[in-house]
Amino acid sequence: MEYLESLNEPQREGVINTEGPCMIIAGAGSGKTRVLTFRIAHLMHSNGVDPFNIMALTFTNKAAKEMKERIEKVVGSDARNLWMGTFHSVFLRILRREADLLGYPSSFSVYDTDDSKTLLRQIIKELQLDDKVYKPNVVFNRISGAKNKLISWQEYVNNPQIRADDELAMRPRMGELYKTYSDRCFKASAMDFDDLLFNTNVLFRDHPEVLHKYQHRFRYILVDEYQDTNYSQYLITKKLAAVHQNICVVGDDAQSIYAFRGADIRNILNFEKDYPDLKVIRLEQNYRSTKVIVNAANSVIANNKAQLKKEVWTANDEGELIELLRANSDNEEARLVATSIFEQKLNHQIKNNEIAVLYRTNSQSRAIEEALRRSNIKYKIIGGLSFYQRKEIKDLLSYLRFVINQNDEQALRRIINLPKRGIGQGTIDKIVVAADQHQVSLWDVVSNVMRYLNGRITNTVDQFATMIKSFMAVVKKKDAYEAASYIAKHSGLLRELYEDKTIEGLNRYENVQELLNAIKEFVDNKEIEDKSLDTFLQEVALITSVDEDTDDDEEKVTLMTIHMAKGLEFKVVYLVGMEEDLFPSQMMLTSREDLEEERRLFYVAITRAKQKLFLSYANTRYRFGHLKSCEPSRFLDEVDPSCIKVNKKVSQPVEMPRQTSHYAKSLVSGMKKESKPAQNNMYTHKPSPDFAPSDTSNLKEGMRVEHPKFGFGKVVAMDVGGASRKAKVMFDNFGEKTLLLSFAKLKIHST
DNA sequence: GCGTAACCTGTTTTT
DNA sequence: CAGGTTACGC
């Protein structure tokens, strides 16, 4: 096998140890994808395994596609028969096939996060609950969290611990919301993202014969990015692998950054317990980055307690030192980055597409964009609002969805008055009431409106129903493209957009055309047999922004969040906004685990760089409309100082905020970092490990409170200016701070 | 039912 | 500050 020649020893082990459970701990840049690719190729090529018997789960559809292409290069077109994709897409496929066992039609809809939250907003309103207490976001996260831990609504309402938690959080009716939400989704023949995994578990639990079928079919199971799987995903793979035990997980605990989405790092930390004869392989040699970058990353991650033992090293050159750019404002930071990029291109012949600017939050992209535009540097932004989340796209998709699945309530509500046809909130309410009274679906009422309602609007509603019925007929006869363009034209959506001559309207029109083009491409694809609209919708449900094709032929600097950068690499990386409260994010500072996840995020950012890393921070930044002073991030202190060079080119003296971190102080005084951290700074206050923020609705002047970062303090004033609820607190060590109460996490200690 | 204007509120990451 | 929501007048 000539491909084995190009691998180092542990990599080869990872490729040829195909039988039995196997865990590959792959440090950043250690050639993980290569090993995975070759492992699959080896299975097929040398061991003669039918690709039909292999399931490979990846983190994004894009990763799956790329890996498939790479495997194809080694073993040929056989690779197409591999089951490869994200957990969501692979099990969506299985669920469609087995849907009737769960009481769903196989054409069920998939609700995205938007649909879910809209539905929750409706339910909260219907139950007459206060949406300030039951914030759709909070409720959604709570339900999502439960589902990811495989807690059904029945178990949820019957669990005294959970009930106590909800009551403590002043949200006693959460279980009811969970139940209603589940009911409504089921009635709408819809599953949300979490349901796809949850219901797969239900399917395997309640239908042993189905589980059995897939257990025997998938003799080899591979899971990439295992550190980012949640309990639900963990159990699916465990069950599927139970018979053959040929499970191979690949991951890096140091790069687990999705706990907020339910990822459980313990899945990888405890993997050994499930499979006592587990073969553990460590890929510790980094082929990607310079020594400086590897050392810096190691020095940072060493601060985390929860991690698997591993030592990443590299035989690469020492490389250039990391540069620290200091700016007085976010705009100046952006200018410094732009200037530096210009210099890199000029002096080191670096191309645009070898450069990335990474940030913690999407909102930080603005300043950078502006500066790059002014410097005539081409750039592209990855992430943010995805194509499939745009209003006009969701509008047309809702039409298509509804024509396929008339139970889809969210889709119906979206399109019934779009474009405006005089069916307003009042009419919709009447329809809902009628449907409820007669115990029929909304579509039953709409399609037989004369039977259930009377009055002026029945005519309009009836016209709408007739239109939908005609669409349903078209879909039966035509392929996806013809059906979709017919619907786009005859629904009036295209006309409305066409008549909008503003630049935005033009854009939207083009976007819809683009969607139609995508459908055309789907129809023209020779590999797909079934060209119905139905099939297209199934494919499209799980497409996300990462998967979208970006015009790579053009040379552009890449701008994205650190999360999006996982799995990518660039010669030169700029990590901007290295400020306390921003990175680590102030929302993540309540527990040690949270801080460790932020630190892993920092680790991911550093290790994206192959040759050169720039870190930057600003002393002031616009945050929610106001200019705020910022302090350098504590993370800067954690980077091995011998890896950093402070950029001397900053002309203006750096104005320091009142509370400066140790690192900032050492910069001012020109001291080396060996000196002790200053007393009374943020490191000295450690919130108790069980720091649970109190409910602050009764917060009053004079109360003594604890803040996870600023420590203890006393409330000196309430409701200071502005519309939002704010409190002014005098902290023992940090002076006076004004905190936004909806946002700040405070623990009340005494009155 | 619809459009406008005043008003409110919030800030993380995304399959 | 900006985007979303509500209230009100037509």
# chains A, B, ... in the order shown; residues from 1 in each chain; ligands from 1

call {"tool": "residues_around", "arguments": {"residues": "Ala435 of chain A", "least_positions_apart": "4", "cutoff": "12 Å", "atoms": "only C-alpha atoms (C1' of nucleotides)", "output": "PyMOL selection string"}}
result
chain A and resi 409+428-431+439-449+451-453

call {"tool": "write_last_selection", "arguments": {"atoms": "N, CA and C atoms", "output": "mmCIF file, in the first residue's frame"}}
result
data_model
loop_
_atom_site.group_PDB
_atom_site.id
_atom_site.type_symbol
_atom_site.label_atom_id
_atom_site.label_comp_id
_atom_site.auth_asym_id
_atom_site.auth_seq_id
_atom_site.Cartn_x
_atom_site.Cartn_y
_atom_site.Cartn_z
ATOM 1 N N GLU A 409 -47.592 23.390 10.351
ATOM 2 C CA GLU A 409 -48.276 24.597 10.790
ATOM 3 C C GLU A 409 -47.413 25.855 10.640
ATOM 4 N N ILE A 428 -56.615 34.579 11.012
ATOM 5 C CA ILE A 428 -55.820 33.418 11.419
ATOM 6 C C ILE A 428 -56.303 32.912 12.774
ATOM 7 N N ASP A 429 -56.559 33.860 13.689
ATOM 8 C CA ASP A 429 -57.062 33.465 14.998
ATOM 9 C C ASP A 429 -58.362 32.673 14.861
ATOM 10 N N LYS A 430 -59.245 33.168 13.996
ATOM 11 C CA LYS A 430 -60.523 32.476 13.799
ATOM 12 C C LYS A 430 -60.292 31.053 13.293
ATOM 13 N N ILE A 431 -59.371 30.924 12.373
ATOM 14 C CA ILE A 431 -59.074 29.601 11.814
ATOM 15 C C ILE A 431 -58.563 28.673 12.910
ATOM 16 N N GLN A 439 -61.555 19.936 16.312
ATOM 17 C CA GLN A 439 -60.488 18.933 16.406
ATOM 18 C C GLN A 439 -59.972 18.499 15.029
ATOM 19 N N VAL A 440 -59.739 19.482 14.189
ATOM 20 C CA VAL A 440 -59.157 19.174 12.883
ATOM 21 C C VAL A 440 -57.918 20.043 12.685
ATOM 22 N N SER A 441 -57.169 19.803 11.628
ATOM 23 C CA SER A 441 -55.950 20.580 11.412
ATOM 24 C C SER A 441 -56.295 21.930 10.782
ATOM 25 N N LEU A 442 -55.329 22.830 10.848
ATOM 26 C CA LEU A 442 -55.540 24.148 10.262
ATOM 27 C C LEU A 442 -55.867 24.025 8.780
ATOM 28 N N TRP A 443 -55.172 23.112 8.133
ATOM 29 C CA TRP A 443 -55.387 22.965 6.703
ATOM 30 C C TRP A 443 -56.806 22.465 6.405
ATOM 31 N N ASP A 444 -57.342 21.617 7.280
ATOM 32 C CA ASP A 444 -58.723 21.169 7.106
ATOM 33 C C ASP A 444 -59.662 22.367 7.075
ATOM 34 N N VAL A 445 -59.438 23.290 7.991
ATOM 35 C CA VAL A 445 -60.297 24.475 8.043
ATOM 36 C C VAL A 445 -60.089 25.331 6.799
ATOM 37 N N VAL A 446 -58.806 25.567 6.460
ATOM 38 C CA VAL A 446 -58.514 26.455 5.340
ATOM 39 C C VAL A 446 -59.058 25.873 4.036
ATOM 40 N N SER A 447 -58.946 24.566 3.869
ATOM 41 C CA SER A 447 -59.344 23.978 2.592
ATOM 42 C C SER A 447 -60.855 23.768 2.499
ATOM 43 N N ASN A 448 -61.533 23.809 3.627
ATOM 44 C CA ASN A 448 -62.998 23.712 3.598
ATOM 45 C C ASN A 448 -63.596 24.891 4.350
ATOM 46 N N VAL A 449 -63.110 26.057 4.013
ATOM 47 C CA VAL A 449 -63.397 27.218 4.863
ATOM 48 C C VAL A 449 -64.898 27.502 4.968
ATOM 49 N N ARG A 451 -67.267 25.499 5.237
ATOM 50 C CA ARG A 451 -67.908 24.623 6.193
ATOM 51 C C ARG A 451 -67.723 25.117 7.630
ATOM 52 N N TYR A 452 -66.583 25.758 7.897
ATOM 53 C CA TYR A 452 -66.269 26.106 9.286
ATOM 54 C C TYR A 452 -66.504 27.574 9.623
ATOM 55 N N LEU A 453 -66.354 28.429 8.648
ATOM 56 C CA LEU A 453 -66.437 29.856 8.953
ATOM 57 C C LEU A 453 -67.388 30.541 7.977
#

call {"tool": "interface_residues", "arguments": {"of": "chain A", "to": "chain C", "cutoff": "10 Å", "atoms": "only C-alpha atoms (C1' of nucleotides)", "output": "number ranges by chain"}}
result
A: 622-626

call {"tool": "interface_residues", "arguments": {"of": "chain B", "to": "chain A", "cutoff": "9 Å", "atoms": "only C-alpha atoms (C1' of nucleotides)", "output": "list in words"}}
result
DG1, DC8, DT9, DG10, DT11, DT12, DT13, DT14 and DT15 of chain B

call {"tool": "write_last_selection", "arguments": {"atoms": "N, CA and C atoms (P, O5', C5', C4', C3', O3' and C1' of nucleotides)", "output": "mmCIF file, in the first residue's frame"}}
result
data_model
loop_
_atom_site.group_PDB
_atom_site.id
_atom_site.type_symbol
_atom_site.label_atom_id
_atom_site.label_comp_id
_atom_site.auth_asym_id
_atom_site.auth_seq_id
_atom_site.Cartn_x
_atom_site.Cartn_y
_atom_site.Cartn_z
ATOM 1 P P DG B 1 -58.054 40.846 9.773
ATOM 2 O "O5'" DG B 1 -57.625 42.004 8.751
ATOM 3 C "C5'" DG B 1 -57.829 41.879 7.358
ATOM 4 C "C4'" DG B 1 -56.952 42.886 6.686
ATOM 5 C "C3'" DG B 1 -55.449 42.683 6.877
ATOM 6 O "O3'" DG B 1 -54.849 42.970 5.628
ATOM 7 C "C1'" DG B 1 -56.048 44.813 7.715
ATOM 8 P P DC B 8 -41.308 52.446 26.296
ATOM 9 O "O5'" DC B 8 -40.514 51.099 26.028
ATOM 10 C "C5'" DC B 8 -41.241 49.922 25.651
ATOM 11 C "C4'" DC B 8 -40.252 48.890 25.194
ATOM 12 C "C3'" DC B 8 -39.177 48.556 26.234
ATOM 13 O "O3'" DC B 8 -39.319 47.193 26.521
ATOM 14 C "C1'" DC B 8 -38.248 48.874 24.054
ATOM 15 P P DT B 9 -38.638 46.557 27.797
ATOM 16 O "O5'" DT B 9 -37.532 45.636 27.144
ATOM 17 C "C5'" DT B 9 -37.689 45.130 25.807
ATOM 18 C "C4'" DT B 9 -36.328 44.706 25.328
ATOM 19 C "C3'" DT B 9 -35.326 44.464 26.461
ATOM 20 O "O3'" DT B 9 -34.726 43.224 26.224
ATOM 21 C "C1'" DT B 9 -34.408 45.946 24.877
ATOM 22 P P DG B 10 -33.951 42.483 27.352
ATOM 23 O "O5'" DG B 10 -32.794 41.898 26.442
ATOM 24 C "C5'" DG B 10 -33.103 41.636 25.065
ATOM 25 C "C4'" DG B 10 -31.845 41.735 24.253
ATOM 26 C "C3'" DG B 10 -30.601 41.245 24.985
ATOM 27 O "O3'" DG B 10 -29.787 40.584 24.026
ATOM 28 C "C1'" DG B 10 -30.300 43.490 24.354
ATOM 29 P P DT B 11 -29.911 39.015 23.793
ATOM 30 O "O5'" DT B 11 -28.699 38.338 24.533
ATOM 31 C "C5'" DT B 11 -27.644 39.059 25.130
ATOM 32 C "C4'" DT B 11 -26.738 39.651 24.041
ATOM 33 C "C3'" DT B 11 -25.326 39.868 24.544
ATOM 34 O "O3'" DT B 11 -24.480 38.733 24.231
ATOM 35 C "C1'" DT B 11 -26.106 41.709 23.256
ATOM 36 P P DT B 12 -25.062 37.595 23.157
ATOM 37 O "O5'" DT B 12 -23.778 36.631 23.072
ATOM 38 C "C5'" DT B 12 -22.565 37.178 22.712
ATOM 39 C "C4'" DT B 12 -21.911 36.306 21.685
ATOM 40 C "C3'" DT B 12 -22.795 35.710 20.603
ATOM 41 O "O3'" DT B 12 -22.032 35.599 19.408
ATOM 42 C "C1'" DT B 12 -22.065 34.006 22.056
ATOM 43 P P DT B 13 -22.646 35.071 18.106
ATOM 44 O "O5'" DT B 13 -22.012 33.633 18.128
ATOM 45 C "C5'" DT B 13 -20.628 33.472 17.899
ATOM 46 C "C4'" DT B 13 -20.271 32.043 18.120
ATOM 47 C "C3'" DT B 13 -21.207 31.053 17.414
ATOM 48 O "O3'" DT B 13 -20.620 30.664 16.203
ATOM 49 C "C1'" DT B 13 -20.719 30.399 19.673
ATOM 50 P P DT B 14 -21.529 30.644 14.923
ATOM 51 O "O5'" DT B 14 -22.120 29.177 14.960
ATOM 52 C "C5'" DT B 14 -21.278 28.049 14.778
ATOM 53 C "C4'" DT B 14 -22.159 26.831 14.745
ATOM 54 C "C3'" DT B 14 -23.138 26.780 13.566
ATOM 55 O "O3'" DT B 14 -23.259 25.439 13.132
ATOM 56 C "C1'" DT B 14 -24.335 26.682 15.593
ATOM 57 P P DT B 15 -23.496 25.116 11.639
ATOM 58 O "O5'" DT B 15 -23.771 23.542 11.728
ATOM 59 C "C5'" DT B 15 -22.745 22.671 12.170
ATOM 60 C "C4'" DT B 15 -23.386 21.435 12.744
ATOM 61 C "C3'" DT B 15 -24.307 20.667 11.774
ATOM 62 O "O3'" DT B 15 -24.007 19.286 11.911
ATOM 63 C "C1'" DT B 15 -25.461 21.179 13.759
#

call {"tool": "select_by_dssp", "arguments": {"residues": "segment 447-584 of chain A", "states": "alpha helix (DSSP H)", "output": "VMD selection string"}}
result
chain A and resid 447 449 to 452 458 to 477 480 to 490 493 to 499 503 to 524 533 to 540 562 to 565

call {"tool": "atom_distance", "arguments": {"atom1": "atom CA of Val357 of chain A", "atom2": "atom CA of Asn619 of chain A"}}
result
18.9 Å

call {"tool": "atom_distance", "arguments": {"atom1": "atom CA of His42 of chain A", "atom2": "atom CA of Ile16 of chain A"}}
result
7.2 Å

call {"tool": "atom_distance", "arguments": {"atom1": "atom CA of Gln285 of chain A", "atom2": "atom CA of Ser256 of chain A"}}
result
19.2 Å

call {"tool": "residues_around", "arguments": {"residues": "Asp253 of chain A", "least_positions_apart": "6", "cutoff": "12 Å", "atoms": "only C-alpha atoms (C1' of nucleotides)", "output": "PyMOL selection string"}}
result
chain A and resi 23-28+225-229+259+263-271+282+301+304-310+596-597+599-601+603-604

call {"tool": "select_by_dssp", "arguments": {"residues": "segment 109-284 of chain A", "states": "strand (DSSP E or B)", "output": "PyMOL selection string"}}
result
chain A and resi 109-111+190-192+220-223+247-251+279-283
